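J.: Dropping the structure in here first, questions after.
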Amino acid sequence: MSSKKKAKVILKILNKIYPKTPTPLKHKNTFTLLVSVALSAQTTDINVNKATKNIYPKYYKPEHFVKLGRKKIEKLIKSLGFFRNKAKSVYLLSKQLVEKHDSKVPKNFKDLENLQGVGHKTASVVMSQAFGYPAFPVDTHIHRLAQRWGLTSGKNVVQTEKDLKRLFPKKSWNKLHLQIIYYGREYCKARECYGLTCKICTTCYPKRKTPVKTKKA
């Protein structure tokens with residue numbers, strides 16, 4: 001089965017299972033979405049949501065985090081891994097927003113990626129989920145699934161993003177990246193499916209007999 005054909009099959013399966021895709025990170029506004037995405041690096045959305053549950057009712061503007069300062073932000077997010085680095089990023093990006101962007105989250109990739117601790121993936125999430133701009137955020141999770149499903153042979157998330165954008169219609173990107181995340185968590189887990197048991201794997205690779213190992217990102 002060609003990559004294009006696989007993409008059509010996968011899109012059909014995912015649209016049937018996940019007709020709606022709520023944003024997994026809880027947030028109050030665009031700024032808190034940006035903060036949550038920045039905090040989600042190397043941890044789960046569940047952990048981020050637990051950490052921010054008691055933060056966002058009180059602190060939800062860049063000015064709030066600038067006033068808090070790094071040390072207080074550290075205390076608020078101490079339950080998360082790499083909390084010191086993340087507190088530094090949140091403090092500095094808040095400062096940048098106040099000083100350079102009138103406390104508003106910019107609506108373009110260039111300005112977003114110039115913020116402290118904001119890479120292309122984080123910017124893509126904000127552009128797609130907050131502003132509705134067609135983007136395809138690819139993290140290591142999506143990268144591994146795309147490899148497993150034969151949609152890319154890319155050795156990094158940059159190449160995988162290019163391949164997925166080429167294979168899927170632009171209008172599907174914003175919803176699709178969440179559908180892939182949800183599907184991977186529920187049906188195509190690394191240590192349970194092995195590319196053998198879920199509907200996508202059995203449809204795209206009906207003759208697979210032995211567990212396959214996905215390459216590390």
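Chains: A, B, ... in order of the structure tokens. Residues: from 1 per chain. Ligands: from 1, in order shown.
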Enumerate, in order of chain and increasing residue number, the residues of stretch 108-184 of chain A with an atom no farther than 12 Å from stretch 26-41 of chain A, each with its shortest atom pair and distance in Å to one decimal, counting only C-alpha atoms, as a tab-separated table.

T.:
residue	atom	partner	partner_atom	distance
A:Leu112	CA	A:Leu34	CA	9.4
A:Glu113	CA	A:Leu34	CA	11.4
A:Leu115	CA	A:Leu34	CA	10.5
A:Gln116	CA	A:Ala38	CA	9.5
A:Gly117	CA	A:Ala38	CA	6.8
A:Val118	CA	A:Ala38	CA	6.6
A:Gly119	CA	A:Ala38	CA	8.8
A:His120	CA	A:Ala38	CA	11.1
A:Lys121	CA	A:Val37	CA	9.1
A:Thr122	CA	A:Val37	CA	6.0
A:Ala123	CA	A:Leu34	CA	8.1
A:Ser124	CA	A:Val37	CA	10.2
A:Val125	CA	A:Val37	CA	7.6
A:Val126	CA	A:Leu34	CA	6.2
A:Met127	CA	A:Leu34	CA	9.8
A:Ser128	CA	A:Thr30	CA	11.2
A:Gln129	CA	A:Leu33	CA	8.7
A:Ala130	CA	A:Thr30	CA	5.9
A:Phe131	CA	A:Thr30	CA	8.6
A:Gly132	CA	A:Thr30	CA	11.8
A:Pro137	CA	A:Val37	CA	11.2
A:Asp139	CA	A:Ala41	CA	9.5
A:Thr140	CA	A:Ala41	CA	10.6
A:His141	CA	A:Ala41	CA	11.8

J.: Quick one: residues within 9 Å of stretch 1-17 of chain A, only C-alpha atoms, excluding same-chain residues fewer than 5 positions away - as a ChimeraX atom specification?

T.: /A:149-152,164,167-168,172,176,179-180,183,199-200,203-205

J.: Would you please extract all alpha helix (DSSP H) residues from stretch 42-192 of chain A, as assigned by DSSP on the backbone, and give them as a PyMOL selection string?

T.: chain A and resi 45-52+62-76+83-100+109-113+120-129+140-148+157-167+173-186

J.: Which residue gives the smallest distance to A:Tyr133 among A:Leu145, A:Asn174, A:Lys155, A:Lys162, with only C-alpha atoms counted?

T.: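 Among the listed residues, the smallest separation from A:Tyr133 belongs to A:Asn174.
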